Each structure stands twice: as C-alpha cells, then as structure tokens.
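Enquirer: Got a structure here, written out as structure tokens. Questions coming.
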Amino acid sequence: STFDVAVVGAGIVGLASARELVLRHPSLSFAVLEKEQELAPHQSGHNSGVIHSGIYYTPGSLKAKLCVQGAALCYEYCDQKGIPYKQCGKLIVAVEQDEIPRLKALYERGLQNNVRGLKLIGAKEIQAKEPFCRGLMALDSPYTGIVDYKQVAQSYAEDFKEAGGTILTDFEVTGMEMAKESSSGSEDGLKYPVIVRNSKGEEIYCRHIVTCAGLYSDRLSEISGCSPEPRIVPFRGDYLVLKPEKCYMVKGNIYPVPNPRFPFLGFHFTPRMDGSIWLGPNAVLAFKREGYKLYDFSTTDFFDAVLYSGLWKLVLRNLSYGLNEMYRAFFLSAQVKQLQKFIPEVTVNDVLRGPSGVRAQALDSDGNLVDDFVFDGGTGDIGSRILHVRNAPSPAATSSLAIAEMIADEVKRRFEL
C-alpha cells in the first residue's frame, strides 16, 4: 500500500482533485481515502443540487472566478458523460422596495464576474417566467441549472479508477507520521516516508497528502501538526418539500435578495432532478458535525463548537437572526410565512418536512465567516508534504472541476511532481 499522493476525503472536491491529478500524472500512483463505506455521503450528497452561475461573490475572489469557470466545466462534463441536468434558470426576486438597490448591486456584481445572460426584469416578466411568483423586480439568471451532484461525484470516481487510481473506503484517517528509516530499512521506507493510519490500525505509505475533508478539515489539519485555524463550525440546513400535487407552482429556482447583514442566502425554492421542489434551507447550529436530524448530538462536536470564542462573537453579532432561525426550525408555519412573500398561494398544508444537510462553515477567532476558499500546508517534515483544503464553501460542487485544476497546479508547485 504505497502511493505517490493520498487524497483524504471522497466528497466531490476530493474526487475531482484526485481525478485531475491522475490524468495529469499518469505515471504516478494515487489513492483516495474515505472514512465512510460510500462515496460523497455528506455535503456532496446533501446539497440542493444547484449549478450556480457566480452572481453573489466578491469580484476578483476565488469564489467568483472558480464558480463561473466551474459552471461552464460542469455543463461540459455532464454533456460528455451523458449526466442529466436542467438549465432551468433562477430568479432573485425583490418583494420590498428597499431590496431593489441591493438587487441592482447584485446585477452589477454579476456583470463584473462575467456571468452570462443576466438581466433585470419587472413584475410582468417575473409572472411570465414564474406564474405564481410575486415580486417588484428580479434578477434573471438563465444559465443557473440543477444536477444530481452525487451522480457527478460517482462519475469522477469512475474516471479516477479507470485512469489507475485506488479508492479505499471505510478508511478513517486518525494519524499521520513520518516513517523512521531504521524501522524498515527498505527502499520503500525512504521513497514513501509518510505513514497514514486509520481507526482500525491499518496503514498506507505515501509521499504526499492532499486533504479535502469538509466537516473534518480542521481536525485533520491538527492531526498533521498544522494550524487548527480556521475552525469548522457545523450549521444544519433543514428543507421542506412541496407536496407532489403542488409542484406545478414552481418552474425554476426562486431566491430572495440576500441581506448583507446576515451570513446565509435565505429561504428559496429549488427544483430537483427527480421533479420534487425543495424549500429552504434554514441555518441553525448543528450539535453534531454529521447530524442531519434535529436531535442529533455529539458531545465532542458540541463542546468543540461552544467553547470556541469565534462562535460566540458570531452569535452575539447575529443574535436576532439566529433566534429566528431556531424558531423557524421548529414551526412549519414560520417557514411557510417566508415562502408566501414570493408565492402567496403556498400554505402549511402544501409542505412536508424534507431532508437536511450540514454545512462545514469555517470561522476565524474573531467570529468572521471565512467566505473564500482557503488552502494551506505546514512546516516540518509532515507539514511540508501536505496540502490542506481548509475551506471549500458553496459553490464548491459547482466549482469542483475548476477547484481541482487549481489544486493540481498547487500540488505540482509545492511537491514538484
């Protein structure tokens, strides 16, 4: 079990990166290590499935650049592989007069980010596109789409294996250390100096490591002797679903104008590839990093979060927002009230509780949400052989192929492959 590069994490970013690496370096050996028995089981398998166009992100940021580039690559890849998707478009709808200046600013930002096909439309055009939606003005993004990202991730995995890569599931990484030359004496001991150990005591040897561990990115960094910052604080997002007989009310994605004072995008309507319509999500602190149910709890994860000063600074700055989100998590009527701003006909009787996802939100010690992608390594024998993908927030799934190209470039530069 010796590899030139081991990629830890078989989510969509880890698999895309492993695929790109093996395609660029076919003479080298690569492994993907995944703690679960299936691929893409967490963030990659619990997201809304939207192919974002790149409107929201600060011009010049990695998010903006990688999203626009990644969306184009995603559509191209799906066409090549025959993966179904729908370019159903998206409306960001202003329902209050004071939202219109923010909507126009979003339009300008989208233009700066080179998002294709953007235009501002009025109330009549909104109804022409979404007959049940009410709004004063909307930003129309026709190239926003939807896809099943778990299917995309599985396809990356097939590409990786066909190119000679190895995927080891049920391999939870719990330790990394340098091999002692005296313990082996073999050439392999010198050529593959890093030992990666799992929770069952099994080991692989490698030259370099790339971690794409999502909700556990900070813990893996600490295991390797690198910085624990930024820390991951898990936020659960609960979706509602429209009853099947009411799905005719929504044709494409319908989003609110985001409030810059709050960190998340707000309640939205999202069509799915299976024809269902997801509504939401809310955003509440999760008491378990992979806790998809309201009452899921992990003592370790809970104390990790609540003892972190950065979380308390965030909470105190957004107290009313957080309390409202918690209230809405328990009461369907409160969530439906948000939806009725856009589609007044939706009632409590039209919705059911749906699935949930947990977002790996990176947070710094000052309580700031880390908004952009973060990549780092460390010092010393192991630190210099590792590239950590510390923060890959939404739109990471959309951007996965573009992120993979950037990671492959960085791996080549750092490790001189």
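Going through the structure tokens in order, the chains are called A, B, and so on, while each chain numbers its residues from 1 and the ligands are numbered from 1 in the order shown.
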Could you name the residues that touch Ser227 (chain A) at 12 Å or less, counting only C-alpha atoms, but leaving out those on the same chain fewer than 6 positions away, as number ranges by chain?

Expert: A: 217-221, 364, 375-379, 383, 388, 390

Enquirer: Sorted by chain and rising residue number, list the residues of region 206-231 of chain A at most 9 Å from region 354-361 of chain A (counting only C-alpha atoms), each with its closest atom pair and distance in Å to one decimal, as CSV.

Expert:
residue,atom,partner,partner_atom,distance
A:Gly214,CA,A:Ala360,CA,6.0
A:Leu215,CA,A:Ala360,CA,4.7
A:Tyr216,CA,A:Ala360,CA,8.2
A:Ser217,CA,A:Ala360,CA,8.8
A:Arg231,CA,A:Gln361,CA,8.1

Enquirer: Write out as a tab-separated table a residue-level contact list of region 212-321 of chain A versus region 39-43 of chain A with cut-off 12 Å: for each qualifying residue the closest pair of atoms and the distance in Å to one decimal, counting only C-alpha atoms, rows sorted by chain and residue number upward.

Expert:
residue	atom	partner	partner_atom	distance
A:Cys212	CA	A:Ala40	CA	11.5
A:Ala213	CA	A:Gln43	CA	10.2
A:Gly214	CA	A:Gln43	CA	7.6
A:Leu215	CA	A:Gln43	CA	8.3
A:Tyr216	CA	A:His42	CA	11.2
A:Pro234	CA	A:Gln43	CA	11.0
A:Phe235	CA	A:Gln43	CA	11.3
A:Arg236	CA	A:Gln43	CA	10.6
A:Gly237	CA	A:Gln43	CA	11.0
A:Arg289	CA	A:His42	CA	9.9
A:Glu290	CA	A:His42	CA	7.3
A:Gly291	CA	A:His42	CA	10.0
A:Tyr292	CA	A:His42	CA	9.5

Enquirer: Interatomic distance between CA of Cys67 (chain A) and CA of Ile55 (chain A)?

Expert: 9.0 Å

Enquirer: Which residues are close to Arg385 (chain A), i.e. within 10 Å by only C-alpha atoms, leaving aside same-chain residues fewer than 5 positions away? Reply as a CSV table (one decimal) with N, CA and C atoms, in the first residue's frame.

Expert:
chain,number,residue,atom,x,y,z
A,5,VAL,N,0.7,10.0,-4.0
A,5,VAL,CA,-0.2,11.0,-3.4
A,5,VAL,C,-1.4,10.4,-2.8
A,193,PRO,N,7.8,8.2,2.7
A,193,PRO,CA,8.1,8.5,4.1
A,193,PRO,C,7.0,8.8,5.0
A,194,VAL,N,5.8,9.0,4.5
A,194,VAL,CA,4.6,9.4,5.3
A,194,VAL,C,3.7,8.2,5.6
A,206,CYS,N,2.9,6.9,1.8
A,206,CYS,CA,2.8,7.8,0.7
A,206,CYS,C,3.9,8.9,0.7
A,207,ARG,N,4.0,9.6,-0.4
A,207,ARG,CA,5.0,10.7,-0.4
A,207,ARG,C,4.4,12.0,0.0
A,208,HIS,N,3.1,12.2,-0.5
A,208,HIS,CA,2.4,13.5,-0.2
A,208,HIS,C,0.9,13.2,0.1
A,209,ILE,N,0.3,14.2,0.8
A,209,ILE,CA,-1.1,14.1,1.1
A,209,ILE,C,-1.8,15.4,0.7
A,210,VAL,N,-3.0,15.2,0.2
A,210,VAL,CA,-4.0,16.3,0.0
A,210,VAL,C,-5.2,16.0,0.8
A,224,SER,N,-2.2,16.5,11.6
A,224,SER,CA,-0.9,16.5,10.9
A,224,SER,C,0.1,17.5,11.5
A,377,GLY,N,-0.7,24.6,4.1
A,377,GLY,CA,0.1,23.4,4.4
A,377,GLY,C,0.7,23.7,5.8
A,378,GLY,N,1.9,23.2,6.0
A,378,GLY,CA,2.5,23.4,7.3
A,378,GLY,C,4.0,23.4,7.2
A,379,THR,N,4.6,23.4,8.3
A,379,THR,CA,6.1,23.3,8.3
A,379,THR,C,6.5,22.0,8.9
A,380,GLY,N,7.8,21.7,8.8
A,380,GLY,CA,8.3,20.5,9.3
A,380,GLY,C,8.2,19.4,8.3
A,411,VAL,N,-0.4,21.5,-6.1
A,411,VAL,CA,0.3,20.2,-5.8
A,411,VAL,C,1.6,20.1,-6.6
A,414,ARG,N,4.0,22.8,-5.1
A,414,ARG,CA,4.5,22.6,-3.7
A,414,ARG,C,5.4,21.3,-3.7
A,415,PHE,N,4.9,20.3,-4.4
A,415,PHE,CA,5.6,19.0,-4.2
A,415,PHE,C,6.5,18.6,-5.4

Enquirer: Quick check for you: according to DSSP on this backbone, which residues of region 125-197 of chain A are classed as strand (DSSP E)? Reply as a ChimeraX atom specification.

Expert: /A:137-141,145-147,166-168,173-178,194-197

Enquirer: Pick out the closest residue to Thr169 (chain A) from this set: A:Leu33, A:Lys288, A:Val22, A:Ala123. Count only C-alpha atoms.

Expert: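 Comparing A:Leu33, A:Lys288, A:Val22, A:Ala123 against Thr169 (chain A), the winner is A:Leu33.
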
Enquirer: For CA of Arg261 (chain A) and CA of Tyr321 (chain A), quote the distance in Å rounded to one decimal.

Expert: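 Atom-to-atom, CA of Arg261 (chain A) and CA of Tyr321 (chain A) are spaced 9.5 Å apart.
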
Enquirer: So, counting only C-alpha atoms, which residue among A:Leu21, A:Leu190, A:Val93, A:Leu136 is closest to Met406 (chain A)?

Expert: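 Selected residue with least distance to Met406 (chain A): A:Leu21.
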
Enquirer: Once you count only C-alpha atoms, what closest atom pair and distance in Å to one decimal does each residue of region 105-166 of chain A within 7 Å of region 72-92 of chain A have, with rows by chain and rising residue number, as a Markdown table?

Expert:
| residue | atom | partner | partner_atom | distance |
| --- | --- | --- | --- | --- |
| A:Ala138 | CA | A:Ile92 | CA | 5.3 |
| A:Leu139 | CA | A:Ile92 | CA | 5.0 |
| A:Asp140 | CA | A:Leu91 | CA | 4.8 |
| A:Ser141 | CA | A:Lys90 | CA | 5.1 |
| A:Pro142 | CA | A:Gly89 | CA | 4.1 |
| A:Tyr143 | CA | A:Gly89 | CA | 5.6 |
| A:Thr144 | CA | A:Gly89 | CA | 4.6 |
| A:Gly145 | CA | A:Gln87 | CA | 4.0 |
| A:Ile146 | CA | A:Lys86 | CA | 5.4 |
| A:Val147 | CA | A:Tyr85 | CA | 4.7 |

Enquirer: Keeping only C-alpha atoms, write the selected residues as a short mmCIF file (atom, residue, chain, number, x, y, z; two decimals), in the first residue's frame.

Expert:
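In the end it all went to part.cif:
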data_model
loop_
_atom_site.label_atom_id
_atom_site.label_comp_id
_atom_site.auth_asym_id
_atom_site.auth_seq_id
_atom_site.Cartn_x
_atom_site.Cartn_y
_atom_site.Cartn_z
CA ALA A 138 -35.99 40.28 -10.27
CA LEU A 139 -32.55 39.39 -11.49
CA ASP A 140 -32.91 36.71 -14.16
CA SER A 141 -30.02 34.23 -14.43
CA PRO A 142 -30.93 31.86 -17.30
CA TYR A 143 -27.76 29.74 -17.09
CA THR A 144 -28.33 28.60 -13.49
CA GLY A 145 -29.14 24.89 -13.51
CA ILE A 146 -29.67 21.78 -11.42
CA VAL A 147 -27.95 18.39 -11.36
#

Enquirer: Distance CA of Phe342 (chain A)-CA of Tyr255 (chain A), one decimal place?

Expert: 8.9 Å

Enquirer: I need the helix (DSSP H, G or I) residues of region 261-345 of chain A per DSSP on the backbone, written as a ChimeraX atom specification.

Expert: /A:299-306,309-317,319-330,332-340

Enquirer: Taking only C-alpha atoms into account, which of A:Ala397, A:Met249, A:Ser61, A:Tyr149 comes nearest Thr347 (chain A)?

Expert: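 Closest residue, counting only C-alpha atoms: A:Met249.
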
Enquirer: Find the residues near Asp238 (chain A): any atom within 12 Å, counting only C-alpha atoms, skip ones fewer than 5 places away on the same chain, and give them as a ChimeraX atom specification.

Expert: /A:46-48,266-268,278-286,291-294,325-326,328-332,335,352-359

Enquirer: Looking at only C-alpha atoms, which of A:Ser309, A:Gln69, A:Gln338, A:Thr2 is the one that sits closest to Ser399 (chain A)?

Expert: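 Of all the options, A:Gln69 lies closest to Ser399 (chain A).
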